[in-house]
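Enquirer: My structure is in final23.cif, and what it holds is mmCIF, C-alpha atoms and all ligand atoms:
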```
data_work
#
loop_
_atom_site.label_atom_id
_atom_site.label_comp_id
_atom_site.auth_asym_id
_atom_site.auth_seq_id
_atom_site.Cartn_x
_atom_site.Cartn_y
_atom_site.Cartn_z
CA MET A 1 0.00 0.00 0.00
CA LYS A 2 1.22 3.48 -0.87
CA ALA A 3 0.67 6.41 1.44
CA PRO A 4 -2.88 7.70 1.01
CA GLU A 5 -3.48 11.16 -0.40
CA LYS A 6 -3.87 12.60 3.08
CA THR A 7 -2.07 11.38 6.17
CA LYS A 8 -3.33 13.96 8.61
CA VAL A 9 -5.91 16.70 8.94
CA VAL A 10 -4.90 19.65 11.06
CA LEU A 11 -7.78 22.10 11.16
CA ASP A 12 -7.33 25.83 11.27
CA GLU A 13 -7.64 27.52 14.69
CA THR A 14 -10.89 29.11 13.54
CA LYS A 15 -12.38 25.57 13.56
CA ILE A 16 -11.98 25.17 17.31
CA PRO A 17 -15.59 24.62 18.40
CA THR A 18 -17.36 27.70 19.74
CA HIS A 19 -19.69 25.59 21.91
CA TRP A 20 -19.51 22.46 23.98
CA TYR A 21 -22.08 19.81 23.07
CA ASN A 22 -24.40 18.61 25.83
CA ILE A 23 -25.94 15.25 24.92
CA VAL A 24 -28.55 15.32 27.71
CA PRO A 25 -31.46 16.82 25.67
CA ASP A 26 -30.78 14.35 22.84
CA PHE A 27 -31.00 11.16 24.91
CA PRO A 28 -34.24 9.23 24.25
CA GLU A 29 -34.87 9.45 27.99
CA PRO A 30 -33.33 11.78 30.57
CA PRO A 31 -30.41 10.50 32.64
CA PRO A 32 -31.15 9.77 36.31
CA PRO A 33 -30.25 12.80 38.48
CA HIS A 34 -27.42 12.85 41.02
CA LEU A 35 -28.83 12.35 44.53
CA HIS A 36 -28.10 13.95 47.87
CA PRO A 37 -26.41 11.21 49.95
CA GLY A 38 -28.43 12.09 53.07
CA THR A 39 -31.94 12.60 51.73
CA ARG A 40 -31.61 10.60 48.49
CA GLU A 41 -33.50 13.46 46.83
CA PRO A 42 -32.23 14.90 43.54
CA LEU A 43 -29.32 17.19 44.23
CA ALA A 44 -30.09 20.92 44.40
CA PRO A 45 -27.52 23.45 43.11
CA GLU A 46 -26.91 24.76 46.66
CA ASP A 47 -25.86 21.24 47.73
CA MET A 48 -22.74 21.63 45.59
CA THR A 49 -21.69 25.22 46.29
CA ALA A 50 -19.24 24.15 49.01
CA ILE A 51 -17.02 22.53 46.41
CA PHE A 52 -17.93 23.85 42.93
CA PRO A 53 -18.50 27.31 41.40
CA MET A 54 -21.99 28.12 40.10
CA GLY A 55 -20.84 28.17 36.47
CA LEU A 56 -19.90 24.49 36.65
CA ILE A 57 -22.89 23.54 38.81
CA ALA A 58 -25.15 25.01 36.11
CA GLN A 59 -23.37 22.95 33.45
CA GLU A 60 -23.67 19.80 35.57
CA ALA A 61 -27.48 20.02 35.48
CA SER A 62 -27.89 21.75 32.13
CA THR A 63 -30.37 20.56 29.52
CA GLU A 64 -29.20 23.08 26.89
CA ARG A 65 -27.81 21.36 23.83
CA TRP A 66 -25.03 23.88 23.12
CA ILE A 67 -23.06 25.75 25.78
CA GLU A 68 -20.82 28.58 24.65
CA ILE A 69 -17.10 28.24 25.30
CA PRO A 70 -15.90 31.50 26.90
CA GLU A 71 -13.38 33.35 24.77
CA PRO A 72 -10.59 33.25 27.42
CA VAL A 73 -10.89 29.45 27.39
CA ARG A 74 -10.77 29.29 23.57
CA GLU A 75 -7.70 31.51 23.69
CA ILE A 76 -5.90 28.91 25.79
CA TYR A 77 -7.30 26.05 23.67
CA ARG A 78 -5.50 27.69 20.73
CA LEU A 79 -2.16 26.65 22.24
CA TRP A 80 -2.82 23.10 21.03
CA ARG A 81 -6.30 22.82 19.49
CA PRO A 82 -7.57 21.69 17.09
CA SER A 83 -5.77 18.46 17.83
CA PRO A 84 -4.68 16.44 14.78
CA MET A 85 -6.47 13.47 13.26
CA ILE A 86 -4.11 11.07 11.57
CA ARG A 87 -4.63 8.16 9.18
CA ALA A 88 -2.69 5.24 10.62
CA TRP A 89 -1.84 3.83 7.21
CA ARG A 90 1.44 2.30 8.27
CA LEU A 91 -0.44 0.43 10.99
CA GLU A 92 -3.04 -0.69 8.40
CA GLN A 93 -0.20 -1.92 6.22
CA GLU A 94 1.47 -3.77 9.08
CA LEU A 95 -1.81 -5.51 9.89
CA GLY A 96 -2.65 -6.15 6.24
CA THR A 97 -6.15 -4.96 6.96
CA PRO A 98 -8.52 -3.38 4.46
CA ALA A 99 -9.92 -1.26 7.33
CA ARG A 100 -9.20 2.47 7.25
CA ILE A 101 -7.87 3.48 10.65
CA TYR A 102 -7.83 7.07 11.90
CA TYR A 103 -6.79 8.32 15.27
CA LYS A 104 -7.62 11.54 17.06
CA TYR A 105 -4.49 12.46 18.99
CA GLU A 106 -4.90 14.36 22.26
CA GLY A 107 -1.30 13.81 23.31
CA ALA A 108 -0.25 17.03 21.57
CA SER A 109 -1.69 19.14 24.41
CA PRO A 110 0.73 20.95 26.73
CA VAL A 111 0.80 18.19 29.31
CA GLY A 112 0.23 15.30 26.97
CA SER A 113 -3.44 14.33 27.34
CA HIS A 114 -7.03 15.37 26.71
CA LYS A 115 -7.37 16.45 30.36
CA THR A 116 -6.34 20.05 29.64
CA ASN A 117 -9.63 20.52 27.73
CA SER A 118 -11.53 20.41 30.98
CA ALA A 119 -8.81 21.70 33.32
CA VAL A 120 -8.62 25.04 31.56
CA ALA A 121 -12.40 25.40 31.56
CA GLN A 122 -12.69 24.47 35.24
CA ALA A 123 -9.94 26.84 36.35
CA TYR A 124 -11.57 29.64 34.35
CA PHE A 125 -15.05 29.21 35.88
CA ASN A 126 -13.53 29.12 39.37
CA LYS A 127 -11.36 32.14 38.71
CA ILE A 128 -14.25 34.36 37.57
CA GLU A 129 -16.14 33.48 40.78
CA GLY A 130 -13.21 34.61 42.91
CA LYS A 131 -11.70 31.25 43.91
CA LYS A 132 -7.99 31.34 44.66
CA ARG A 133 -7.13 27.67 45.02
CA LEU A 134 -8.13 24.34 43.49
CA THR A 135 -7.73 20.94 45.10
CA THR A 136 -7.83 17.68 43.23
CA GLU A 137 -6.85 14.03 42.98
CA THR A 138 -4.76 12.43 40.30
CA GLY A 139 -3.93 8.85 39.35
CA ALA A 140 -1.17 8.58 36.78
CA GLY A 141 -0.73 12.33 37.07
CA GLN A 142 -2.26 13.39 33.77
CA TRP A 143 -5.17 15.19 35.37
CA GLY A 144 -2.94 16.71 38.04
CA SER A 145 -0.53 18.06 35.41
CA ALA A 146 -3.42 19.44 33.37
CA LEU A 147 -4.94 21.22 36.36
CA ALA A 148 -1.53 22.46 37.52
CA PHE A 149 -1.03 24.01 34.07
CA ALA A 150 -4.55 25.50 34.07
CA CYS A 151 -4.08 27.00 37.55
CA ASP A 152 -0.80 28.46 36.39
CA VAL A 153 -2.57 30.06 33.40
CA PHE A 154 -5.23 31.67 35.63
CA ASP A 155 -2.87 32.41 38.51
CA MET A 156 -4.38 30.12 41.14
CA ASP A 157 -2.90 27.75 43.75
CA CYS A 158 -3.21 24.02 43.07
CA ASP A 159 -3.04 21.22 45.67
CA ILE A 160 -2.99 17.67 44.38
CA TRP A 161 -3.46 14.30 46.08
CA GLN A 162 -1.83 11.65 43.92
CA VAL A 163 -2.64 7.93 44.28
CA ARG A 164 0.31 6.52 46.21
CA SER A 165 1.16 3.72 43.74
CA SER A 166 1.50 6.30 40.96
CA TYR A 167 3.30 8.84 43.13
CA GLU A 168 5.96 6.26 43.89
CA GLY A 169 5.95 4.44 40.55
CA LYS A 170 5.95 7.52 38.28
CA PRO A 171 8.17 10.06 39.99
CA TYR A 172 8.49 12.36 36.96
CA ARG A 173 4.78 13.00 37.06
CA HIS A 174 4.87 14.95 40.25
CA VAL A 175 7.90 16.84 39.05
CA LEU A 176 5.81 17.87 36.02
CA MET A 177 3.02 19.14 38.29
CA GLU A 178 5.53 20.95 40.46
CA THR A 179 7.02 22.51 37.34
CA PHE A 180 3.70 24.28 36.88
CA GLY A 181 3.77 25.38 40.51
CA ALA A 182 1.43 22.83 42.11
CA THR A 183 1.87 21.10 45.48
CA VAL A 184 1.64 17.29 45.32
CA VAL A 185 1.26 14.72 48.12
CA ALA A 186 0.83 10.93 48.02
CA SER A 187 -2.65 9.68 48.96
CA PRO A 188 -3.83 8.55 51.40
CA SER A 189 -1.97 11.26 53.30
CA GLU A 190 -1.76 12.48 56.87
CA LEU A 191 -3.05 15.92 55.82
CA THR A 192 -6.76 15.12 55.95
CA GLU A 193 -9.09 13.32 58.33
CA ALA A 194 -10.24 11.09 55.46
CA GLY A 195 -6.63 10.21 54.64
CA LYS A 196 -5.76 9.38 58.23
CA ALA A 197 -8.86 7.20 58.60
CA LEU A 198 -8.12 5.37 55.34
CA ARG A 199 -4.53 4.70 56.42
CA GLU A 200 -5.80 3.22 59.64
CA ARG A 201 -8.36 1.06 57.85
CA PHE A 202 -6.04 -0.07 55.03
CA PRO A 203 -2.46 0.28 56.38
CA ASP A 204 -0.76 -1.23 53.31
CA THR A 205 -2.90 0.47 50.70
CA THR A 206 -1.37 1.63 47.44
CA GLY A 207 -4.17 4.18 47.28
CA SER A 208 -6.94 4.64 44.77
CA LEU A 209 -8.63 7.46 42.93
CA GLY A 210 -11.63 7.08 45.22
CA MET A 211 -9.45 7.69 48.28
CA ALA A 212 -7.63 10.67 46.77
CA ILE A 213 -10.95 12.25 45.79
CA SER A 214 -12.11 12.06 49.42
CA GLU A 215 -9.00 13.91 50.56
CA ALA A 216 -9.20 16.65 47.95
CA ILE A 217 -12.90 17.26 48.64
CA GLU A 218 -12.26 17.53 52.36
CA ALA A 219 -9.51 20.09 51.78
CA ALA A 220 -11.77 22.19 49.54
CA VAL A 221 -14.71 22.09 51.96
CA LYS A 222 -12.46 23.40 54.75
CA ASP A 223 -11.26 26.43 52.76
CA PRO A 224 -13.82 29.02 51.55
CA ASP A 225 -11.35 30.31 48.95
CA ALA A 226 -10.92 26.84 47.47
CA SER A 227 -12.91 24.65 45.12
CA TYR A 228 -12.53 21.03 44.30
CA SER A 229 -11.91 19.98 40.73
CA LEU A 230 -12.66 16.56 39.26
CA GLY A 231 -10.89 15.36 36.13
CA SER A 232 -13.53 12.96 34.86
CA VAL A 233 -16.87 11.28 35.60
CA LEU A 234 -19.10 14.35 36.10
CA ASN A 235 -21.36 15.74 33.38
CA HIS A 236 -19.54 19.06 33.08
CA VAL A 237 -16.21 17.31 32.54
CA LEU A 238 -17.57 15.18 29.69
CA LEU A 239 -19.17 18.34 28.30
CA HIS A 240 -15.81 20.13 28.09
CA GLN A 241 -14.29 17.17 26.29
CA THR A 242 -16.80 17.31 23.42
CA VAL A 243 -14.43 19.59 21.52
CA ILE A 244 -12.67 16.31 20.62
CA GLY A 245 -15.60 14.66 18.87
CA GLN A 246 -16.77 17.84 17.16
CA GLU A 247 -13.35 18.34 15.60
CA ALA A 248 -13.14 14.64 14.71
CA LEU A 249 -16.36 14.81 12.68
CA LEU A 250 -15.00 17.77 10.67
CA GLN A 251 -11.70 15.99 10.15
CA LEU A 252 -13.27 12.75 8.94
CA ALA A 253 -15.24 14.78 6.40
CA GLU A 254 -12.03 16.43 5.26
CA PHE A 255 -10.55 12.95 4.79
CA GLY A 256 -13.52 12.28 2.51
CA GLU A 257 -15.21 9.81 4.85
CA GLN A 258 -19.02 9.84 5.18
CA SER A 259 -18.82 8.73 8.80
CA ALA A 260 -17.04 6.31 11.09
CA ASP A 261 -18.24 2.73 11.30
CA VAL A 262 -16.79 2.31 14.75
CA VAL A 263 -15.17 4.51 17.40
CA TYR A 264 -12.86 3.06 20.05
CA GLY A 265 -11.96 4.96 23.19
CA CYS A 266 -10.49 3.95 26.51
CA ALA A 267 -12.75 4.46 29.49
CA GLY A 268 -11.64 5.13 33.05
CA GLY A 269 -14.06 7.73 34.36
CA GLY A 270 -15.34 8.19 30.85
CA SER A 271 -14.31 11.72 29.88
CA ASN A 272 -12.16 11.22 26.78
CA LEU A 273 -14.53 8.61 25.41
CA GLY A 274 -17.60 10.73 26.19
CA GLY A 275 -15.96 13.75 24.61
CA LEU A 276 -15.02 11.87 21.47
CA ALA A 277 -18.16 9.76 21.20
CA PHE A 278 -21.07 12.06 22.10
CA PRO A 279 -20.91 14.13 18.89
CA PHE A 280 -20.90 10.80 16.96
CA MET A 281 -23.77 9.55 19.12
CA ARG A 282 -25.71 12.68 18.24
CA GLU A 283 -25.33 11.84 14.56
CA ASN A 284 -26.66 8.37 15.33
CA LEU A 285 -29.59 9.69 17.37
CA GLU A 286 -30.52 12.06 14.54
CA GLY A 287 -30.58 9.09 12.17
CA ARG A 288 -27.70 10.26 9.99
CA THR A 289 -25.19 7.53 10.91
CA LYS A 290 -24.90 4.10 12.48
CA THR A 291 -21.53 4.47 14.15
CA ARG A 292 -20.77 1.80 16.73
CA ILE A 293 -19.11 3.17 19.84
CA VAL A 294 -16.95 0.89 21.94
CA ALA A 295 -15.65 1.65 25.43
CA CYS A 296 -12.38 -0.16 26.17
CA GLU A 297 -11.83 -0.63 29.87
CA PRO A 298 -9.08 -2.47 31.70
CA LYS A 299 -9.89 -5.98 32.86
CA ALA A 300 -8.60 -4.83 36.28
CA ALA A 301 -11.42 -2.28 36.70
CA PRO A 302 -14.26 -3.50 34.50
CA SER A 303 -17.07 -1.22 35.64
CA LEU A 304 -19.20 -1.37 32.47
CA THR A 305 -18.65 -5.01 31.61
CA GLU A 306 -18.83 -6.47 35.13
CA GLY A 307 -20.22 -3.72 37.36
CA GLU A 308 -23.74 -3.06 38.53
CA TYR A 309 -25.87 -0.13 37.32
CA THR A 310 -26.85 1.52 40.56
CA TYR A 311 -26.47 4.62 42.70
CA ASP A 312 -23.02 4.74 44.25
CA PHE A 313 -20.52 7.18 45.67
CA GLY A 314 -17.77 8.63 43.52
CA ASP A 315 -15.20 8.29 46.31
CA THR A 316 -14.15 5.86 49.01
CA ALA A 317 -15.02 7.99 52.06
CA GLN A 318 -18.54 8.51 50.64
CA MET A 319 -18.46 12.29 50.51
CA THR A 320 -19.68 12.83 46.95
CA PRO A 321 -23.28 12.89 45.78
CA LEU A 322 -24.77 9.55 44.79
CA LEU A 323 -24.26 8.99 41.09
CA LYS A 324 -26.24 6.49 39.01
CA MET A 325 -23.50 4.58 37.26
CA TYR A 326 -21.97 1.24 36.41
CA THR A 327 -19.83 0.57 39.46
CA LEU A 328 -17.71 -2.06 41.13
CA GLY A 329 -18.44 -0.45 44.51
CA ALA A 330 -16.82 2.63 46.05
CA ASP A 331 -14.56 0.37 48.16
CA PHE A 332 -13.14 -1.42 45.12
CA VAL A 333 -9.35 -1.12 44.85
CA PRO A 334 -8.11 -2.43 41.49
CA ASP A 335 -4.78 -4.19 40.97
CA PRO A 336 -2.06 -1.59 40.47
CA VAL A 337 -2.04 -1.88 36.67
CA HIS A 338 -0.10 0.72 34.73
CA ALA A 339 -3.05 2.52 33.25
CA GLY A 340 -3.51 4.59 36.43
CA GLY A 341 -6.11 6.77 34.76
CA LEU A 342 -8.35 3.76 34.22
CA ARG A 343 -8.23 2.49 37.80
CA TYR A 344 -11.60 3.85 38.82
CA HIS A 345 -14.47 1.90 40.37
CA GLY A 346 -17.28 3.65 38.49
CA MET A 347 -18.12 5.16 35.12
CA ALA A 348 -19.45 8.59 34.17
CA PRO A 349 -23.25 8.74 34.69
CA LEU A 350 -23.77 10.05 31.14
CA LEU A 351 -21.76 7.21 29.59
CA SER A 352 -23.43 4.72 31.93
CA HIS A 353 -26.82 6.00 30.79
CA ALA A 354 -25.80 5.68 27.14
CA TYR A 355 -24.60 2.12 27.77
CA HIS A 356 -27.76 1.24 29.65
CA LEU A 357 -29.86 2.53 26.72
CA GLY A 358 -27.85 0.36 24.31
CA LEU A 359 -26.28 3.34 22.56
CA MET A 360 -22.77 1.93 22.95
CA ASP A 361 -20.80 -1.27 23.59
CA ALA A 362 -18.00 -2.07 26.02
CA ILE A 363 -15.12 -4.53 26.16
CA ALA A 364 -12.50 -5.25 28.82
CA ILE A 365 -8.84 -5.69 27.90
CA LYS A 366 -5.92 -7.09 29.89
CA GLN A 367 -2.84 -4.97 30.13
CA ARG A 368 -0.48 -7.19 28.13
CA GLU A 369 -2.78 -7.12 25.13
CA ALA A 370 -3.04 -3.35 25.59
CA PHE A 371 0.73 -2.85 25.66
CA ALA A 372 1.34 -5.20 22.73
CA ALA A 373 -1.07 -3.01 20.76
CA GLY A 374 0.59 0.18 21.99
CA LEU A 375 4.02 -1.09 21.01
CA LEU A 376 2.89 -1.99 17.50
CA PHE A 377 1.21 1.40 17.19
CA ALA A 378 4.38 3.17 18.34
CA ARG A 379 6.52 1.31 15.84
CA CYS A 380 4.20 2.15 12.96
CA GLU A 381 3.14 5.68 13.86
CA GLY A 382 6.09 7.06 15.79
CA ILE A 383 3.95 7.99 18.75
CA VAL A 384 4.21 6.18 22.08
CA PRO A 385 0.65 6.14 23.38
CA ALA A 386 -0.34 6.59 27.01
CA SER A 387 -0.94 3.32 28.90
CA GLU A 388 -4.64 4.18 29.02
CA SER A 389 -4.86 4.85 25.28
CA ASN A 390 -3.34 1.43 24.59
CA HIS A 391 -6.66 -0.12 25.60
CA ALA A 392 -8.47 1.76 22.84
CA ILE A 393 -5.79 0.77 20.34
CA ALA A 394 -6.07 -2.88 21.39
CA GLY A 395 -9.82 -2.79 20.84
CA ALA A 396 -9.33 -1.26 17.40
CA LEU A 397 -6.72 -3.88 16.47
CA ARG A 398 -9.21 -6.64 17.22
CA GLU A 399 -11.64 -4.92 14.84
CA ALA A 400 -9.02 -4.38 12.13
CA LYS A 401 -7.98 -8.04 12.27
CA GLN A 402 -11.61 -9.13 12.09
CA ALA A 403 -12.05 -6.89 9.04
CA LYS A 404 -9.14 -8.65 7.40
CA ASP A 405 -10.70 -12.07 8.06
CA ASP A 406 -14.10 -10.88 6.82
CA GLY A 407 -12.75 -8.92 3.86
CA THR A 408 -14.59 -5.76 4.94
CA SER A 409 -13.17 -2.23 5.08
CA PRO A 410 -14.71 -0.38 8.02
CA VAL A 411 -13.70 3.13 8.98
CA ILE A 412 -12.24 2.88 12.47
CA VAL A 413 -11.59 5.90 14.68
CA ILE A 414 -9.38 5.52 17.74
CA GLY A 415 -9.23 8.03 20.54
CA VAL A 416 -5.56 8.25 21.44
CA SER A 417 -6.12 10.21 24.62
CA GLY A 418 -2.52 10.90 25.51
CA SER A 419 1.20 10.49 25.06
CA GLY A 420 3.09 7.76 26.86
CA GLN A 421 6.50 9.40 27.14
CA LEU A 422 6.18 9.43 30.91
CA ASP A 423 4.85 5.86 30.92
CA LEU A 424 8.16 4.45 29.70
CA PRO A 425 8.75 2.49 32.94
CA ALA A 426 5.63 0.50 32.05
CA TYR A 427 6.90 -0.07 28.51
CA ALA A 428 10.23 -1.18 29.99
CA GLU A 429 8.43 -3.77 32.10
CA PHE A 430 6.50 -4.97 29.06
CA LEU A 431 9.61 -5.14 26.86
CA ALA A 432 11.39 -7.16 29.54
CA GLY A 433 8.49 -9.63 29.57
CA GLU A 434 7.81 -8.84 33.21
CA MET A 435 4.39 -7.25 33.00
CA PRO A 436 1.72 -9.20 34.89
CA ASP A 437 -1.32 -9.93 32.74
CA SER A 438 -3.95 -8.38 35.02
C1 LIG B 1 -7.09 10.20 32.66
C2 LIG B 1 -6.82 9.55 31.40
C3 LIG B 1 -7.70 8.59 30.88
C4 LIG B 1 -8.89 8.08 31.61
O1 LIG B 1 -9.85 9.04 31.95
P1 LIG B 1 -11.19 9.21 31.18
O2 LIG B 1 -11.95 10.19 31.98
O3 LIG B 1 -11.85 7.88 31.10
O4 LIG B 1 -10.84 9.75 29.85
C5 LIG B 1 -7.44 8.08 29.63
N1 LIG B 1 -6.34 8.44 28.94
C6 LIG B 1 -5.47 9.34 29.41
C7 LIG B 1 -4.26 9.70 28.59
C8 LIG B 1 -5.68 9.93 30.65
O5 LIG B 1 -4.83 10.82 31.11
#
```
Could you rewrite the structure in this file as structure tokens?

Expert:
Amino acid sequence: MKAPEKTKVVLDETKIPTHWYNIVPDFPEPPPPHLHPGTREPLAPEDMTAIFPMGLIAQEASTERWIEIPEPVREIYRLWRPSPMIRAWRLEQELGTPARIYYKYEGASPVGSHKTNSAVAQAYFNKIEGKKRLTTETGAGQWGSALAFACDVFDMDCDIWQVRSSYEGKPYRHVLMETFGATVVASPSELTEAGKALRERFPDTTGSLGMAISEAIEAAVKDPDASYSLGSVLNHVLLHQTVIGQEALLQLAEFGEQSADVVYGCAGGGSNLGGLAFPFMRENLEGRTKTRIVACEPKAAPSLTEGEYTYDFGDTAQMTPLLKMYTLGADFVPDPVHAGGLRYHGMAPLLSHAYHLGLMDAIAIKQREAFAAGLLFARCEGIVPASESNHAIAGALREAKQAKDDGTSPVIVIGVSGSGQLDLPAYAEFLAGEMPDS
């Protein structure tokens, strides 16, 4: 196969979306509301003002289809958006597949993942309401780095609780956050009541996102100048990520494709997949396309494929509202697999709702298959994908191989949510044949 006419589509800055897309009004039935953990009544806006600014609370409950992106946020988006879409023709060639494979690459953002799309928006809405400090959790450190960068942009303090296994296993991550001026501690820590209690209950714990969330929320609640920021799961976070899918639709058209047959994205809390997939789902719901959407989760935290669809807490200390989602239980601590960003017990309520309604599929992938896929991708495309993104690539490779067997040529879109340059210790373990297959 020769190189196709176009290898990549890089849109002009004027094509950065002007609005975020909210899928809520387009669902065939409304998603179940978040509930107050005490009363089990639907959450009122004032229930969230201790930790979130009104601008984000309004987005969380919004039923408006299009929400304008403030100009100061678009100005920062211009540093790296629109992100490129690339035809992975060397990968196609390597596989000998008649499928056409495209990937939307979010690793070109300042800190190397899609997370900046929401971090910048969240810092902005806090800043304009007078907040001076943001607290948050981070797993692999992608969200922490994104928020550290966003706080730096808007001149705010940033305090980050990082899951202990990642803090210790990925030391350059916290250096990256500190480079942007953030303060980082390993979670569970001694700095919060929740952290101390968790350390007493689970003395040998390697930490989890659920635990780190509890600590960051507690710190925000105690400081009137602070808000808490969440990097995934909530409706407003998925909303901010819809710039990805909107751009992807334009880029596919510029490649001359009518639509995608299938979209693969990795799913931890669900934000990069929601952001990529919801604009495609809208096309499906309007009857224009029949794109299949596939969530790729790690076998070590299989919330969609093995979890229960029920109201659960977003964190271990049970401080968040109750969210209706596919969950393995707020106490669930996954094996310390390398895809730290996917080690979450639940799944975004909006994605869970879409899955429940049959609007998307899900598969679970073990980490060795994920890394084998990531390695092949790297060798063909010259980009080392994030550990998380490898799950999406692995899902897409299954599809591309099937297409070869069936002699079909589907259009496959992969969400490559981030760069794996800081995940090289995991690649080293895989290359040495020492990666456990959990
Ligand atoms: C955080 C992260 C994920 C997982 O989070 P989602 O909210 O499911 O997107 C996936 N990929 C990368 C690169 C990440 O940093």

Enquirer: Write out as a PyMOL selection string each polymer residue (protein, DNA or RNA) that has an atom no more than 9 Å from ligand LIG 1 (chain B), with only C-alpha atoms and all ligand atoms counted.

Expert: chain A and resi 106-107+112-115+138-143+231-233+237-238+241+265-275+297+339-344+347-348+385-390+415-420

Enquirer: Which residue gives the smallest distance to Tyr172 of chain A among A:Glu399, A:Asp157, A:Asp423, A:Glu94, with only C-alpha atoms counted?

Expert: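 Checking each candidate against Tyr172 of chain A, we get A:Asp423 as the closest.
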
Enquirer: Got a sec: who's within 7 Å of Ala194 of chain A, counting all atoms listed in the file, leaving out chain neighbours fewer than 2 positions off, as an mmCIF file with C-alpha atoms, in the coordinates of the input?

Expert:
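After the write, around.cif holds the following:
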```cif
data_model
loop_
_atom_site.group_PDB
_atom_site.id
_atom_site.type_symbol
_atom_site.label_atom_id
_atom_site.label_comp_id
_atom_site.auth_asym_id
_atom_site.auth_seq_id
_atom_site.Cartn_x
_atom_site.Cartn_y
_atom_site.Cartn_z
ATOM 1 C CA THR A 192 -6.760 15.120 55.950
ATOM 2 C CA LYS A 196 -5.760 9.380 58.230
ATOM 3 C CA ALA A 197 -8.860 7.200 58.600
ATOM 4 C CA LEU A 198 -8.120 5.370 55.340
ATOM 5 C CA SER A 214 -12.110 12.060 49.420
ATOM 6 C CA GLU A 215 -9.000 13.910 50.560
ATOM 7 C CA ALA A 317 -15.020 7.990 52.060
#
```

Enquirer: Using all atoms listed in the file, which residues of segment 85-154 of chain A come within 10 Å of segment 252-257 of chain A, and what is the closest atom pair for each, with the distance in Å to one decimal? Give it as JSON lines, sorted by chain and residue number.

Expert:
```
{"residue": "A:Met85", "atom": "CA", "partner": "A:Leu252", "partner_atom": "CA", "distance": 8.1}
{"residue": "A:Ile86", "atom": "CA", "partner": "A:Phe255", "partner_atom": "CA", "distance": 9.5}
{"residue": "A:Arg87", "atom": "CA", "partner": "A:Phe255", "partner_atom": "CA", "distance": 8.8}
{"residue": "A:Arg100", "atom": "CA", "partner": "A:Glu257", "partner_atom": "CA", "distance": 9.8}
{"residue": "A:Tyr102", "atom": "CA", "partner": "A:Leu252", "partner_atom": "CA", "distance": 8.4}
{"residue": "A:Lys104", "atom": "CA", "partner": "A:Leu252", "partner_atom": "CA", "distance": 10.0}
```

Enquirer: Find, counting all atoms listed in the file, the residue in A:Gly210, A:Pro321, A:Gly329, A:Pro98 that gets nearest to Gly407 of chain A.

Expert: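 Of A:Gly210, A:Pro321, A:Gly329, A:Pro98, the one nearest Gly407 of chain A, counting all atoms listed in the file, is A:Pro98.
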
Enquirer: Between A:Leu95, A:Met54, A:Ala212, A:Ala277, which residue has the minimum interatomic distance to Ser227 of chain A, considering only C-alpha atoms?

Expert: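 Counting only C-alpha atoms, the residue closest to Ser227 of chain A is A:Met54.
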
Enquirer: Grab the atom CA of Ser187 of chain A to atom CA of Gln162 of chain A distance for me, in Å with one decimal place.

Expert: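 Computing the Euclidean distance for atom CA of Ser187 of chain A and atom CA of Gln162 of chain A yields 5.5 Å.
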
Enquirer: Will you model N, CA, C and O atoms for segment 293-299 of chain A and pass it back as a compact mmCIF listing (two decimals), in the frame of the given file?

Expert:
```
# COMPACT_ATOMS: atom_id res chain seq x y z
N ILE A 293 -20.05 2.56 18.90
CA ILE A 293 -19.11 3.17 19.84
C ILE A 293 -18.72 2.12 20.86
O ILE A 293 -19.59 1.43 21.42
N VAL A 294 -17.41 1.96 21.06
CA VAL A 294 -16.95 0.89 21.94
C VAL A 294 -16.04 1.45 23.04
O VAL A 294 -14.99 2.02 22.77
N ALA A 295 -16.48 1.27 24.29
CA ALA A 295 -15.65 1.65 25.43
C ALA A 295 -14.68 0.52 25.71
O ALA A 295 -15.07 -0.64 25.79
N CYS A 296 -13.40 0.85 25.86
CA CYS A 296 -12.38 -0.16 26.17
C CYS A 296 -11.88 0.08 27.58
O CYS A 296 -11.21 1.08 27.85
N GLU A 297 -12.24 -0.81 28.48
CA GLU A 297 -11.83 -0.63 29.87
C GLU A 297 -10.82 -1.69 30.24
O GLU A 297 -10.70 -2.71 29.56
N PRO A 298 -10.05 -1.46 31.31
CA PRO A 298 -9.08 -2.47 31.70
C PRO A 298 -9.79 -3.62 32.41
O PRO A 298 -10.76 -3.39 33.14
N LYS A 299 -9.31 -4.82 32.18
CA LYS A 299 -9.89 -5.98 32.86
C LYS A 299 -9.78 -5.82 34.38
O LYS A 299 -10.57 -6.38 35.13
```
